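A.B. asks: Mind looking over this structure? Questions follow.
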Amino acid sequence: MKRLQQLKSSVGGISWPAIPDQVAANLLSMLSQLEQSQWWQPEELLQKQLQQFGLLAAHAYRHSPFFKDRFDQAGLDVKHYWSTENFSTIPLLTRAELMHQAEHIHCRALPQKHGAVHKLQTSGSTGQTVAVLKTEVTQLIWLALAMREHLWHERDFSATLAIIKAMTPTQDDPVIAAKMGWGHPAALLFDTGPSYSQPLAMDVAQQIAWLARIDPKYLLTYPSNLSALLDRYESGEPIPAALKHIRTVGETLHPDLRERCKKLGDIDIVDMYSSQEVGLIALQCPVSGLYHIQSENLIVEVLDDAGRQCQPGQVGRVVITDLHNFATPLIRYEIRDYAEVGPTCPCGRGLPTLSRIMGRRRNMVTLPDGSKHWPLIGAYRFREVADIKQYQAIQHSLVDVEIRLVVDAPLTSAHESQLTTLIHSALGHPFTLRFTYFTEELPRTKGGKFEEFISLVR
Ligand SMILES: [Zn+2]
């Protein structure tokens with residue numbers, strides 16, 4: 001790690017070589033291992049994953065009534081050697097199971113030194129919550145992967161960071177901002193610049209004024225919120241002078257946003273694929289932009305409808321095994337996202353890649369013949385027709401699609417018909433479209449996320 005000369009010391013009077021505190025020391029030890037393992041060949045990574053999985057499976061068999069039954073019913077002996085073949089015969093863990101059978105899934109005991117347990121409630125796009133238990137081990141791994149993301153992208157820790165996210169409190173006081181710094185993990189290792197935050201609920205015009213005032217170099221937010229900010233910047237609001245890097249999380253990132261940011265002021269977007277249940281899943285490569293799967297922590301499978309592993313270029317459902325959560329085993333957990341398998345990365349890292357994160361199954365269009373496909377999301381071109389502030393398509397049935405538009409005044413019939421042509425081509429079928437008009441922002445999911453296309457077809 002190049003930055004070690006700036007490492008923070010926790011011992012009075014000692015600045016060099018620094019003596020970090022215990023958490024920072026553990027984090028450094030984890031990072032130095034990740035620094036090496038990222039370059040291993042996929043086969044080597046897989047072997048280590050299966051070895052670690054064996055420990056998790058044996059623990060889950062002993063302490064989770066749900067997984068004892070699951071392994072017994074599948075005829076799997078957890079003491080056996082694990083291979084990709086027998087691993088792939090473990091039945092998938094669904095979100096419904098995690099929701100309704102949580103008490104049977106959670107482990108009754110933990111191995112030594114996994115530390116204190118805390119419960120994380122996550123609410124899905126449809127509002128049902130699941131509870132996942134986390135430990136100090138899962139927290140340490142999160143710190144290490146989040147730090148890896150900073151290091152890959154060579155962030156300037158002395159710069160100002162702004163965060164606009166759901167369920168984030170307002171933090172606007174410069175004294176506190178300087179004292180808190182960037183928070184974990186960066187501030188555990190280095191002196192960092194100030195960080196400020198606002199909740200997503202803040203009005204976009206207010207966000208613009210706030211960002212202009214604090215002038216961050218880095219902004220962390222959701223793609224849909226970024227799109228709303230870009231609308232303003234494109235119509236002439238001044239862009240913060242220091243703003244150079246935007247980090248996106250939480251929603252599907254449409255490539256349009258990258259182009260728009262480049263055009264506006266040579267601003268880069270770095271996207272992260274994560275979930276509350278398992279943490280950071282895949283991080284954008286600094287060289288190619290592909291998403292590297294975080295294989296040191298997770299086994300990520302992308303499966304086709306028949307349950308076979310997808311090949312590069314194919315889109316399938318994402319199934320995740322968290323190798324280090326011994327409190328709530330997530331073994332072949334169907335996270336309900338879809339992603340496209342990526343090629344071997346030109347950067348030389350052996351961590352497998354995803355090339356696109358597509359979203360949820362309910363973000364797919366169902367054609368009248370029952371087949372499903374991904375709509376060409378990204379409403380940007382729709383704005384060439386009229387001043388559309390926000391857009392959402394809801395498929396109510398095989399023939400009926402509602403188009404929700406946030407506009408100052410309803411569109412003329414000429415504009416509606418121009419838009420119909422564009423939407424038909426985006427959806428890949430001449431659906432009957434029903435335009436409905438809104439003046440206020442369209443509702444988000446409970447977790448603060450926005451989906452551009454939702455199918456209600458069962
Ligand atoms: Zn790469």
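Letters A, B, ... mark the chains of the structure tokens in the order given; residue numbers begin at 1 per chain; ligand numbers begin at 1, in order shown.
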Can I get the residues close to ligand 1 as a PDB file with N, CA and C atoms, in the first residue's frame, where close means within 6 Å and we count only C-alpha atoms and all ligand atoms?
C.D. replies:
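So pocket-v4.pdb came out as:
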```pdb
ATOM      1  N   CYS A 285     -13.728  -1.842 -11.392  1.00  0.00           N
ATOM      2  CA  CYS A 285     -12.282  -1.916 -11.618  1.00  0.00           C
ATOM      3  C   CYS A 285     -11.755  -0.536 -12.038  1.00  0.00           C
ATOM      4  N   VAL A 287      -9.285   0.048 -13.820  1.00  0.00           N
ATOM      5  CA  VAL A 287      -8.699   0.002 -15.161  1.00  0.00           C
ATOM      6  C   VAL A 287      -9.795  -0.140 -16.229  1.00  0.00           C
ATOM      7  N   SER A 288     -10.666  -1.142 -16.059  1.00  0.00           N
ATOM      8  CA  SER A 288     -11.619  -1.463 -17.129  1.00  0.00           C
ATOM      9  C   SER A 288     -13.024  -0.943 -16.882  1.00  0.00           C
ATOM     10  N   CYS A 345     -10.768  -9.780 -16.715  1.00  0.00           N
ATOM     11  CA  CYS A 345     -10.468  -8.344 -16.752  1.00  0.00           C
ATOM     12  C   CYS A 345      -9.048  -8.085 -17.280  1.00  0.00           C
ATOM     13  N   PRO A 346      -8.907  -7.099 -18.155  1.00  0.00           N
ATOM     14  CA  PRO A 346      -7.575  -6.782 -18.685  1.00  0.00           C
ATOM     15  C   PRO A 346      -6.602  -6.256 -17.619  1.00  0.00           C
ATOM     16  N   CYS A 347      -7.098  -5.898 -16.435  1.00  0.00           N
ATOM     17  CA  CYS A 347      -6.196  -5.357 -15.401  1.00  0.00           C
ATOM     18  C   CYS A 347      -5.295  -6.441 -14.822  1.00  0.00           C
ATOM     19  N   ARG A 349      -6.292  -8.720 -12.577  1.00  0.00           N
ATOM     20  CA  ARG A 349      -6.826  -9.283 -11.330  1.00  0.00           C
ATOM     21  C   ARG A 349      -7.604 -10.557 -11.663  1.00  0.00           C
TER      22      ARG A 349
END
```
A.B. asks: Find the spatial neighbours of A:Val132, counting only C-alpha atoms, within a cut-off of 10 Å - ignore same-chain residues fewer than 5 positions away - and output them as a PyMOL selection string.
C.D. replies: chain A and resi 98-99+102+105-106+118-122+276-278+325+327-330
A.B. asks: Store the residues picked out above in a file with C-alpha atoms, as a JSON list (two decimals), in the first residue's frame.
C.D. replies:
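So the final result, stored in selection-v6.json, reads:
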```json
[["chain", "number", "residue", "atom", "x", "y", "z"],
["A", 98, "LEU", "CA", -35.15, -15.57, 5.15],
["A", 99, "MET", "CA", -38.17, -13.46, 6.00],
["A", 102, "ALA", "CA", -35.33, -16.26, 10.28],
["A", 105, "ILE", "CA", -31.91, -19.83, 10.17],
["A", 106, "HIS", "CA", -30.00, -17.78, 12.77],
["A", 118, "HIS", "CA", -26.06, -6.93, 15.90],
["A", 119, "LYS", "CA", -29.28, -7.23, 13.96],
["A", 120, "LEU", "CA", -29.71, -5.50, 10.63],
["A", 121, "GLN", "CA", -33.25, -5.00, 9.33],
["A", 122, "THR", "CA", -33.49, -4.50, 5.61],
["A", 276, "GLN", "CA", -27.52, -4.69, 3.07],
["A", 277, "GLU", "CA", -27.67, -8.45, 3.66],
["A", 278, "VAL", "CA", -24.18, -9.25, 2.33],
["A", 325, "ASN", "CA", -21.34, -14.62, 8.35],
["A", 327, "ALA", "CA", -24.55, -15.71, 12.76],
["A", 328, "THR", "CA", -27.03, -15.76, 9.85],
["A", 329, "PRO", "CA", -25.68, -18.20, 7.28],
["A", 330, "LEU", "CA", -26.53, -16.92, 3.81]]
```
A.B. asks: Could you list, as a ChimeraX atom specification, every residue within 12 Å of A:Leu27, counting only C-alpha atoms and ignoring same-chain residues fewer than 3 positions away?
C.D. replies: /A:20-24,30-34,136-148,184-189
A.B. asks: In terms of the shortest atom-to-atom distance over only C-alpha atoms, which of A:Thr170, A:Gln38, A:Ser275, A:Thr321 is closest to A:Leu93?
C.D. replies: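 Under the stated criterion, the closest residue is A:Thr321.
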A.B. asks: List the neighbours of A:Pro174 out to 9 Å using only C-alpha atoms; skip same-chain residues closer than 2 positions along the sequence, and give me the result as a list of chain:residue names.
C.D. replies: A:Gln171, A:Asp172, A:Ile176, A:Ala177, A:Ala178, A:Lys179, A:Pro194, A:Ser195, A:Tyr196
A.B. asks: How would the residues just picked look written out with C-alpha atoms as a compact mmCIF listing (two decimals), in the first residue's frame?
C.D. replies:
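The new file result-v9.txt reads:
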```
# COMPACT_ATOMS: atom_id res chain seq x y z
CA GLN A 171 -24.55 16.85 9.01
CA ASP A 172 -23.76 20.36 7.99
CA ILE A 176 -18.18 18.29 13.32
CA ALA A 177 -17.43 17.56 9.63
CA ALA A 178 -13.73 18.11 10.22
CA LYS A 179 -13.76 16.11 13.44
CA PRO A 194 -14.32 16.81 6.22
CA SER A 195 -17.48 14.91 5.33
CA TYR A 196 -20.97 16.34 5.13
```
A.B. asks: Which residues are close to A:His429, i.e. within 10 Å by only C-alpha atoms, leaving aside same-chain residues fewer than 4 positions away? Reply as an MDAnalysis selection string.
C.D. replies: chainID A and resid 365:368 375 399 423:425
A.B. asks: Going by DSSP on the backbone, which bits of stretch 114-312 of chain A are strand (DSSP E or B)? Write them as a PyMOL selection string, please.
C.D. replies: chain A and resi 118-123+129-134+161-165+171+195-199+218-221+245-248+268-275+279-284+291-293+298-303+309
A.B. asks: Within 9 Å of stretch 200-209 of chain A, counting only C-alpha atoms, which residues qualify if same-chain residues fewer than 5 places away don't, as a list in words?
C.D. replies: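 Here the answer would be Ile164, Lys165, Ala166, Met167, Thr168, Ile214, Thr221, Tyr222, Asn225, Ala228, Leu229, Arg232, Tyr233, Glu237, Pro238, Ile239, Pro240 and Gly448 of chain A.
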A.B. asks: Would you save the residues of that selection, restricted to N, CA and C atoms, as a CSV table (one decimal), in the first residue's frame?
C.D. replies:
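The result, stored in part_36.csv:
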```
chain,number,residue,atom,x,y,z
A,164,ILE,N,-25.3,12.1,0.0
A,164,ILE,CA,-26.8,12.3,0.0
A,164,ILE,C,-27.4,10.9,-0.1
A,165,LYS,N,-28.0,10.4,1.0
A,165,LYS,CA,-28.5,9.0,1.0
A,165,LYS,C,-29.8,9.0,1.8
A,166,ALA,N,-30.6,7.9,1.6
A,166,ALA,CA,-31.8,7.7,2.5
A,166,ALA,C,-31.3,7.4,3.9
A,167,MET,N,-32.1,7.8,4.8
A,167,MET,CA,-31.9,7.5,6.2
A,167,MET,C,-30.5,8.0,6.7
A,168,THR,N,-30.1,9.1,6.1
A,168,THR,CA,-28.8,9.7,6.5
A,168,THR,C,-29.2,11.1,7.2
A,214,ILE,N,-20.8,23.7,0.0
A,214,ILE,CA,-19.7,22.9,0.7
A,214,ILE,C,-18.6,22.5,-0.4
A,221,THR,N,-24.0,9.2,-3.8
A,221,THR,CA,-25.5,9.3,-3.8
A,221,THR,C,-26.0,8.1,-4.7
A,222,TYR,N,-27.4,8.1,-4.8
A,222,TYR,CA,-28.0,7.1,-5.7
A,222,TYR,C,-28.1,7.6,-7.1
A,225,ASN,N,-31.0,10.1,-7.8
A,225,ASN,CA,-30.8,11.4,-7.3
A,225,ASN,C,-29.8,12.2,-8.1
A,228,ALA,N,-31.4,13.6,-11.1
A,228,ALA,CA,-32.2,14.8,-10.8
A,228,ALA,C,-31.2,16.0,-10.7
A,229,LEU,N,-30.0,15.8,-10.1
A,229,LEU,CA,-29.0,16.9,-9.9
A,229,LEU,C,-28.5,17.3,-11.3
A,232,ARG,N,-30.6,19.6,-13.3
A,232,ARG,CA,-30.4,21.0,-12.9
A,232,ARG,C,-29.1,21.6,-13.5
A,233,TYR,N,-28.0,20.8,-13.4
A,233,TYR,CA,-26.8,21.3,-13.8
A,233,TYR,C,-26.8,21.5,-15.3
A,237,GLU,N,-27.5,25.5,-13.7
A,237,GLU,CA,-27.1,25.7,-12.3
A,237,GLU,C,-25.6,25.4,-12.2
A,238,PRO,N,-24.9,26.3,-11.5
A,238,PRO,CA,-23.4,26.1,-11.4
A,238,PRO,C,-23.0,24.7,-10.7
A,239,ILE,N,-22.1,24.0,-11.3
A,239,ILE,CA,-21.6,22.8,-10.8
A,239,ILE,C,-20.5,23.1,-9.7
A,240,PRO,N,-20.5,22.4,-8.6
A,240,PRO,CA,-19.5,22.7,-7.6
A,240,PRO,C,-18.1,22.6,-8.3
A,448,GLY,N,-35.7,3.9,0.1
A,448,GLY,CA,-35.3,5.2,-0.5
A,448,GLY,C,-34.9,5.0,-2.0
```
A.B. asks: Going by DSSP on the backbone, which residues of stretch 200-276 of chain A come out as alpha helix (DSSP H)? List them as a ChimeraX atom specification.
C.D. replies: /A:204-214,223-234,255-265
A.B. asks: The selected residues should be written to file as a compact mmCIF listing (two decimals), in the first residue's frame (atoms: N, CA and C atoms).
C.D. replies:
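So out_12.txt came out as:
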```txt
# COMPACT_ATOMS: atom_id res chain seq x y z
N VAL A 204 -34.35 18.80 -4.32
CA VAL A 204 -33.20 18.85 -5.25
C VAL A 204 -32.61 20.26 -5.36
N ALA A 205 -33.48 21.29 -5.39
CA ALA A 205 -32.98 22.67 -5.46
C ALA A 205 -32.12 22.99 -4.23
N GLN A 206 -32.56 22.49 -3.08
CA GLN A 206 -31.78 22.71 -1.84
C GLN A 206 -30.46 21.94 -1.89
N GLN A 207 -30.51 20.73 -2.45
CA GLN A 207 -29.27 19.95 -2.60
C GLN A 207 -28.26 20.72 -3.45
N ILE A 208 -28.75 21.33 -4.54
CA ILE A 208 -27.88 22.09 -5.44
C ILE A 208 -27.19 23.23 -4.67
N ALA A 209 -27.99 23.94 -3.89
CA ALA A 209 -27.45 25.09 -3.13
C ALA A 209 -26.45 24.60 -2.08
N TRP A 210 -26.81 23.48 -1.43
CA TRP A 210 -25.94 22.93 -0.38
C TRP A 210 -24.60 22.46 -0.97
N LEU A 211 -24.68 21.76 -2.11
CA LEU A 211 -23.44 21.27 -2.74
C LEU A 211 -22.56 22.45 -3.20
N ALA A 212 -23.21 23.50 -3.72
CA ALA A 212 -22.44 24.67 -4.15
C ALA A 212 -21.70 25.28 -2.97
N ARG A 213 -22.34 25.25 -1.81
CA ARG A 213 -21.75 25.87 -0.62
C ARG A 213 -20.58 25.04 -0.07
N ILE A 214 -20.75 23.72 0.03
CA ILE A 214 -19.66 22.95 0.65
C ILE A 214 -18.61 22.52 -0.38
N PRO A 223 -28.11 6.72 -8.12
CA PRO A 223 -28.23 7.14 -9.51
C PRO A 223 -29.44 8.04 -9.80
N SER A 224 -30.61 7.69 -9.21
CA SER A 224 -31.80 8.50 -9.53
C SER A 224 -31.67 9.92 -8.99
N ASN A 225 -31.04 10.05 -7.84
CA ASN A 225 -30.83 11.40 -7.29
C ASN A 225 -29.80 12.16 -8.11
N LEU A 226 -28.77 11.43 -8.55
CA LEU A 226 -27.75 12.06 -9.39
C LEU A 226 -28.39 12.56 -10.69
N SER A 227 -29.30 11.76 -11.25
CA SER A 227 -29.97 12.16 -12.49
C SER A 227 -30.74 13.46 -12.29
N ALA A 228 -31.41 13.58 -11.14
CA ALA A 228 -32.16 14.81 -10.85
C ALA A 228 -31.21 16.00 -10.69
N LEU A 229 -30.04 15.77 -10.08
CA LEU A 229 -29.05 16.85 -9.94
C LEU A 229 -28.52 17.26 -11.32
N LEU A 230 -28.25 16.24 -12.16
CA LEU A 230 -27.72 16.54 -13.50
C LEU A 230 -28.71 17.35 -14.33
N ASP A 231 -30.02 17.06 -14.16
CA ASP A 231 -31.03 17.86 -14.87
C ASP A 231 -30.82 19.35 -14.59
N ARG A 232 -30.59 19.63 -13.30
CA ARG A 232 -30.41 21.04 -12.91
C ARG A 232 -29.12 21.61 -13.47
N TYR A 233 -28.05 20.83 -13.36
CA TYR A 233 -26.75 21.32 -13.84
C TYR A 233 -26.80 21.55 -15.35
N GLU A 234 -27.50 20.65 -16.04
CA GLU A 234 -27.58 20.79 -17.50
C GLU A 234 -28.40 22.01 -17.90
N PRO A 255 -25.82 3.65 -18.12
CA PRO A 255 -24.61 4.24 -18.71
C PRO A 255 -24.78 5.71 -19.15
N ASP A 256 -26.02 6.10 -19.46
CA ASP A 256 -26.30 7.50 -19.78
C ASP A 256 -25.71 8.48 -18.76
N LEU A 257 -25.81 8.09 -17.50
CA LEU A 257 -25.36 9.01 -16.45
C LEU A 257 -23.86 9.27 -16.55
N ARG A 258 -23.11 8.24 -16.92
CA ARG A 258 -21.66 8.42 -17.07
C ARG A 258 -21.37 9.44 -18.16
N GLU A 259 -22.09 9.28 -19.29
CA GLU A 259 -21.87 10.21 -20.40
C GLU A 259 -22.24 11.63 -20.01
N ARG A 260 -23.36 11.75 -19.31
CA ARG A 260 -23.82 13.10 -18.92
C ARG A 260 -22.80 13.77 -18.01
N CYS A 261 -22.23 12.99 -17.08
CA CYS A 261 -21.23 13.55 -16.14
C CYS A 261 -19.95 13.96 -16.88
N LYS A 262 -19.55 13.14 -17.83
CA LYS A 262 -18.35 13.44 -18.61
C LYS A 262 -18.54 14.75 -19.36
N LYS A 263 -19.70 14.87 -19.99
CA LYS A 263 -20.01 16.05 -20.79
C LYS A 263 -20.03 17.30 -19.94
N LEU A 264 -20.56 17.17 -18.74
CA LEU A 264 -20.75 18.36 -17.90
C LEU A 264 -19.45 18.96 -17.41
N GLY A 265 -18.50 18.13 -17.06
CA GLY A 265 -17.29 18.71 -16.49
C GLY A 265 -16.24 17.67 -16.23
```
A.B. asks: For A:Ala57, work out the shell of residues within 10 Å, counting only C-alpha atoms and skipping chain neighbours fewer than 2 positions away, then give it as a ChimeraX atom specification.
C.D. replies: /A:50,52-55,59-64,67-68,71,77-79,82,323,326,329,331
A.B. asks: Can you work out the spacing between atom CA of A:Arg444 and atom CA of A:Thr432 in Å, to one decimal?
C.D. replies: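 Taking atom CA of A:Arg444 as the start and atom CA of A:Thr432 as the end point, the length is 24.8 Å.
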A.B. asks: Between atom CA of A:Pro111 and atom CA of A:Glu85, what distance in Å does the model show, to one decimal?
C.D. replies: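 Interatomic distance here is 27.5 Å.
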A.B. asks: By how many Å are atom CA of A:Thr412 and atom CA of A:Ala386 apart?
C.D. replies: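 Rounded to one decimal, the two atoms are 9.5 Å apart.
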